[in-house]
Structure formats: C-alpha cells, structure tokens
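Working notes for the structure below.
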Amino acid sequence: MAALPRMECPRDDDFDLWLELLALKPSEQLLDALGDFLQEYLNASGLKAYVMGLSGGIDSSFLAALLYHRRIPYLGFCLPIATNTPDETARGLSVARAYGNPPQGASFEHLQDFTALYQKISSTFAGICPSSTPVAEGNLKARTRMLFLYHMAQIHGGCVLSTDQLDELLTGFWTLHGDVGDVSPIQLIPKSVEYDLARMLCTRLSDPAPLQAAIEAVPTDGLGISRSDLDQLGAESYAQVEDIFREYFQLRLRERDAALSEAEALRRAELEQTGPVRRFLLSGFKRGGAVLVDPRRAVS
C-alpha cells in the first residue's frame, strides 16, 4: 500500500472537504496506511527519529504504540507541569516504558518535570504584566514543553510529532507554538475514529494495557483549565462534536445553493451558539497559519 499523501489544512469555507473528513471510517487499512506514512516520511526526510510528549492521553499513547509496533524510532517524554494529575503522569510513563523505541545510541530519562521552570517563567512574566488567566497559563505550560521537545529534536536529528486530531483542529483546541509540531499524522482524522483505530492496534500489541488505559481515561489537556477537554468544548462526547459539525457544514452547503428556510436559518444560528461551532468561528486564524503580505501589490 502506498503511504498516505500530504495535504494542506482545508479552508474554513471548504465545507465539502470537512464533511468528507468527518465521514472517515476506521479500518485496518487506515491503521496500516498511517504506519506506512510515518515510516516513509522519516526515511525520505533523512531524519533519525520522531520526538513527542507522552501525556497519558489517547492521542500521544496511540501514536507511541503505533511507532513501537512498526519499529519506527522515536523519543517519548512524559512532561508533567504543575497541574498534571498523578494518574496522567503514571499513564504517560507507562506508555513510555512499554512502547519506547529510541534511535540507536540515545539515552535519556522518560520523565522530566518542568514545574519549576514554568513557575519561574510565569513569575517573571507576572513581574512585567501582573494580570493573567488560566488559558494564558496553560499556553505557557504547553510552550515550555515544546521548548524541550524541539531542543531534543535538534540534538538527536529528529522532528517533533503533533498529536492533535480533527476535533481539535476544527475547534482550535491547541496552543500555537505550543502543543503542535512538524508532522501531524492524525490531525485530519476524527477523534471517534482514532478511538476505534487505537482499539484495533491493541489487538496487535503484546502488551495492550498502557494503550487501553489511555483509551479509557477522561480526555484532558492537563493544563488545569477544566476537568476535561469536553468540558471546555461544551459537549458530552466527541461523537456529539462531530455530529454538530456535520449538521452545520451541511447547512452551510445548502445556503450556497439557495436561501435557507426560516427553520434552517434558525437552526444555523443555534448551532453557531454551541461550544464547538463557536470555537470554529473564532479560531480560523490558527488553521490559516502565518499571515503573509504580498509586497508586489505596492509596485504600480
């Protein structure tokens, strides 16, 4: 099977493409294709390994187990900072130990606690600007981790692996220059599909327990902003998040062809007040990447 091709992030108004992605189904073929992509990208790039943070959640645990199963070298670090619970740290460390596959010659400790470094940065910034918020502090934690991951990637000739998936992409649920990376293998895969792929992978592992624990865990970013990711998204499940987006994008498509009925227009307005769609409408700048200005327009 040929490795999956690369693609750019869809435009926010490319509703057909978003719906295609939301219609993806889990399969053994998709699981194999993801592994093929990760292997072939590393070979083609000349890099020695991937580098990633292991939070104990489903996203990083699934990718760690997939890399391990496919014997693809990577450096996995468990990086608790201030607000991570002992259970989260224990799950991340369990994944690191069970599914570790570092490149030849690499030696390191999986667990690195950067609480003191984050607190030093936070207190320094507070001396300049005393006001802060839980979200701003969460961003500092994410960016502190990313400093370390990119440092390790530079030293070991690797690149940083992103663990975000489609639900997070649509809702802008990540920190710019924080919990992102160079390669994003699952960012266009719905979270509900990822769960099924992870269950499939469990059947291939000699020790599925660490991945299974991540599957069963309450999803959280570990940044101390809320009890769970779904609390922040304003949804009861990822299936509900995806259903909301399917309905919203279908309405936006119909609106292109003809005016919406009164009931449809009302429903669109209702959906735009839900947590997932409201976040989508406010986070387009994240999906669009850096804003570039064309200097040629200044030439008359």
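By order in the structure tokens, chains are A, B, ...; within a chain, residues start at 1; ligands start at 1, following the order shown.
Residues in contact with Phe245 (chain A) at 9 Å, where only C-alpha atoms are counted and same-chain residues fewer than 6 positions away are skipped, are listed as Trp18, Leu19, Leu22, Leu170, Leu271, Pro276 and Val277 of chain A.
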How close does region 108-152 of chain A get to region 73-85 of chain A? List, as a Markdown table, each residue of region 108-152 of chain A within 9 Å, its nearest atom pair and the distance in Å to one decimal, counting only C-alpha atoms.
| residue | atom | partner | partner_atom | distance |
| --- | --- | --- | --- | --- |
| A:Phe108 | CA | A:Leu75 | CA | 8.7 |
| A:Glu109 | CA | A:Phe77 | CA | 7.8 |
| A:His110 | CA | A:Phe77 | CA | 4.7 |
| A:Leu111 | CA | A:Cys78 | CA | 4.9 |
| A:Gln112 | CA | A:Leu79 | CA | 5.2 |
| A:Asp113 | CA | A:Pro80 | CA | 5.1 |
| A:Phe114 | CA | A:Ile81 | CA | 5.4 |
| A:Thr115 | CA | A:Ile81 | CA | 4.4 |
| A:Ala116 | CA | A:Ile81 | CA | 8.2 |
| A:Leu117 | CA | A:Ile81 | CA | 8.8 |
| A:Tyr118 | CA | A:Ile81 | CA | 7.2 |
| A:Gln119 | CA | A:Ala82 | CA | 8.3 |
| A:Lys141 | CA | A:Ile81 | CA | 6.6 |
| A:Ala142 | CA | A:Ile81 | CA | 9.0 |
| A:Thr144 | CA | A:Ile81 | CA | 8.9 |
| A:Arg145 | CA | A:Leu79 | CA | 6.8 |
| A:Leu149 | CA | A:Phe77 | CA | 8.3 |
| A:Met152 | CA | A:Leu75 | CA | 8.4 |
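With CA of Leu17 (chain A) on one side and CA of Gln232 (chain A) on the other, the separation reads 25.5 Å.
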If I take CA of Glu168 (chain A) and CA of Gln187 (chain A), how far is one from the other in Å, to one decimal?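 Taking CA of Glu168 (chain A) as the start and CA of Gln187 (chain A) as the end point, the length is 7.9 Å.
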Which residues in region 63-162 of chain A does DSSP call strand (DSSP E)? List them as an MDAnalysis selection string. chainID A and resid 74:77 158:160
Residues of region 19-80 of chain A in alpha helix (DSSP H) according to DSSP, as a tab-separated table (two decimals) with N, CA and C atoms, in the first residue's frame?
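This went into states-v7.tsv:
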chain	number	residue	atom	x	y	z
A	19	LEU	N	-16.70	17.76	5.43
A	19	LEU	CA	-17.68	16.66	5.53
A	19	LEU	C	-17.06	15.33	5.09
A	20	GLU	N	-16.20	15.37	4.08
A	20	GLU	CA	-15.51	14.15	3.67
A	20	GLU	C	-14.66	13.60	4.81
A	21	LEU	N	-13.95	14.49	5.48
A	21	LEU	CA	-13.10	14.06	6.59
A	21	LEU	C	-13.94	13.52	7.75
A	22	LEU	N	-15.05	14.17	8.02
A	22	LEU	CA	-15.93	13.72	9.10
A	22	LEU	C	-16.60	12.39	8.79
A	28	GLU	N	-8.62	-1.38	9.24
A	28	GLU	CA	-7.25	-1.89	9.34
A	28	GLU	C	-6.37	-1.25	8.27
A	29	GLN	N	-6.97	-0.96	7.10
A	29	GLN	CA	-6.21	-0.33	6.02
A	29	GLN	C	-5.74	1.07	6.40
A	30	LEU	N	-6.61	1.84	7.07
A	30	LEU	CA	-6.23	3.18	7.51
A	30	LEU	C	-5.13	3.10	8.56
A	31	LEU	N	-5.25	2.15	9.48
A	31	LEU	CA	-4.23	1.98	10.51
A	31	LEU	C	-2.88	1.65	9.87
A	32	ASP	N	-2.87	0.74	8.89
A	32	ASP	CA	-1.63	0.39	8.20
A	32	ASP	C	-1.08	1.57	7.42
A	33	ALA	N	-1.96	2.34	6.78
A	33	ALA	CA	-1.52	3.48	5.97
A	33	ALA	C	-0.87	4.55	6.84
A	34	LEU	N	-1.37	4.76	8.04
A	34	LEU	CA	-0.75	5.72	8.95
A	34	LEU	C	0.66	5.28	9.32
A	35	GLY	N	0.83	4.00	9.60
A	35	GLY	CA	2.16	3.48	9.90
A	35	GLY	C	3.09	3.60	8.71
A	36	ASP	N	2.57	3.33	7.50
A	36	ASP	CA	3.39	3.46	6.30
A	36	ASP	C	3.85	4.90	6.11
A	37	PHE	N	2.92	5.85	6.33
A	37	PHE	CA	3.30	7.26	6.17
A	37	PHE	C	4.40	7.64	7.14
A	38	LEU	N	4.27	7.28	8.40
A	38	LEU	CA	5.27	7.64	9.40
A	38	LEU	C	6.63	7.05	9.06
A	39	GLN	N	6.64	5.81	8.59
A	39	GLN	CA	7.90	5.18	8.22
A	39	GLN	C	8.52	5.84	6.99
A	40	GLU	N	7.72	6.04	5.95
A	40	GLU	CA	8.25	6.59	4.70
A	40	GLU	C	8.65	8.05	4.83
A	41	TYR	N	7.93	8.83	5.66
A	41	TYR	CA	8.32	10.22	5.85
A	41	TYR	C	9.69	10.30	6.52
A	42	LEU	N	9.90	9.48	7.53
A	42	LEU	CA	11.19	9.51	8.23
A	42	LEU	C	12.32	9.09	7.28
A	43	ASN	N	12.08	8.07	6.48
A	43	ASN	CA	13.10	7.61	5.54
A	43	ASN	C	13.42	8.68	4.50
A	44	ALA	N	12.36	9.30	3.94
A	44	ALA	CA	12.56	10.28	2.87
A	44	ALA	C	13.20	11.56	3.36
A	45	SER	N	12.92	11.93	4.61
A	45	SER	CA	13.42	13.20	5.15
A	45	SER	C	14.88	13.13	5.59
A	58	ILE	N	-5.15	9.58	24.96
A	58	ILE	CA	-5.31	8.69	23.82
A	58	ILE	C	-4.44	9.10	22.64
A	59	ASP	N	-4.32	10.41	22.34
A	59	ASP	CA	-3.64	10.84	21.12
A	59	ASP	C	-2.17	10.44	21.12
A	60	SER	N	-1.43	10.86	22.14
A	60	SER	CA	0.01	10.54	22.17
A	60	SER	C	0.24	9.05	22.43
A	61	SER	N	-0.63	8.42	23.21
A	61	SER	CA	-0.46	6.99	23.50
A	61	SER	C	-0.68	6.15	22.25
A	62	PHE	N	-1.69	6.51	21.45
A	62	PHE	CA	-1.95	5.79	20.21
A	62	PHE	C	-0.76	5.89	19.26
A	63	LEU	N	-0.23	7.10	19.08
A	63	LEU	CA	0.90	7.27	18.17
A	63	LEU	C	2.15	6.58	18.69
A	64	ALA	N	2.39	6.63	20.00
A	64	ALA	CA	3.55	5.94	20.57
A	64	ALA	C	3.45	4.44	20.33
A	65	ALA	N	2.27	3.89	20.54
A	65	ALA	CA	2.09	2.45	20.34
A	65	ALA	C	2.22	2.08	18.87
A	66	LEU	N	1.74	2.94	17.98
A	66	LEU	CA	1.86	2.68	16.54
A	66	LEU	C	3.33	2.71	16.10
A	67	LEU	N	4.07	3.71	16.57
A	67	LEU	CA	5.50	3.79	16.24
A	67	LEU	C	6.25	2.56	16.78
A	68	TYR	N	5.93	2.17	17.98
A	68	TYR	CA	6.56	0.99	18.59
A	68	TYR	C	6.23	-0.27	17.78
A	69	HIS	N	4.94	-0.43	17.43
A	69	HIS	CA	4.52	-1.62	16.69
A	69	HIS	C	5.20	-1.70	15.33
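CA of Ala153 (chain A) to CA of Met52 (chain A) spans 9.1 Å [interatomic distance, one decimal].
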I'd like the neighbourhood of Gln250 (chain A) as a PyMOL selection string, where a residue qualifies if any of its atoms comes within 8 Å (using only C-alpha atoms), though same-chain residues fewer than 4 positions away should be ignored. chain A and resi 15+19+246+254
Arg256 (chain A): which residues within 12 Å, counting only C-alpha atoms, same-chain residues fewer than 3 positions away excluded, as a PyMOL selection string? chain A and resi 13-16+249-253+259-260
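Considering only C-alpha atoms, the residue among A:Pro5, A:Gly56, A:Ile244, A:Val183 positioned nearest to Ile215 (chain A) is A:Gly56.
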Show which residues sit within 8 Å of Gly181 (chain A), as a PyMOL selection string. Count only C-alpha atoms, and ignore same-chain residues fewer than 3 positions away. chain A and resi 159-162+184
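Among the candidate residues A:Val299, A:Ala258, A:Ala126, A:Ala106, the one lying nearest to Gly158 (chain A) is A:Ala106, with distances computed using only C-alpha atoms.
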Long-range neighbours of Gly172 (chain A) as a PyMOL selection string, 7 Å cut-off, only C-alpha atoms, 6 positions minimum in chain: chain A and resi 279-280+283+286
Generate the output file for the selected residues, N, CA and C atoms, as a PDB file, in the first residue's frame.
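Output below, filename result-v7.pdb:
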ATOM      1  N   ARG A 279     -16.277  27.956  18.699  1.00  0.00           N
ATOM      2  CA  ARG A 279     -14.814  27.890  18.704  1.00  0.00           C
ATOM      3  C   ARG A 279     -14.271  27.830  17.277  1.00  0.00           C
ATOM      4  N   PHE A 280     -14.972  27.121  16.393  1.00  0.00           N
ATOM      5  CA  PHE A 280     -14.557  27.059  14.996  1.00  0.00           C
ATOM      6  C   PHE A 280     -14.550  28.452  14.369  1.00  0.00           C
ATOM      7  N   SER A 283     -11.539  30.585  15.638  1.00  0.00           N
ATOM      8  CA  SER A 283     -10.161  30.069  15.594  1.00  0.00           C
ATOM      9  C   SER A 283      -9.620  29.893  14.186  1.00  0.00           C
ATOM     10  N   LYS A 286      -5.879  30.315  13.511  1.00  0.00           N
ATOM     11  CA  LYS A 286      -4.965  29.235  13.863  1.00  0.00           C
ATOM     12  C   LYS A 286      -4.793  28.273  12.689  1.00  0.00           C
TER      13      LYS A 286
END
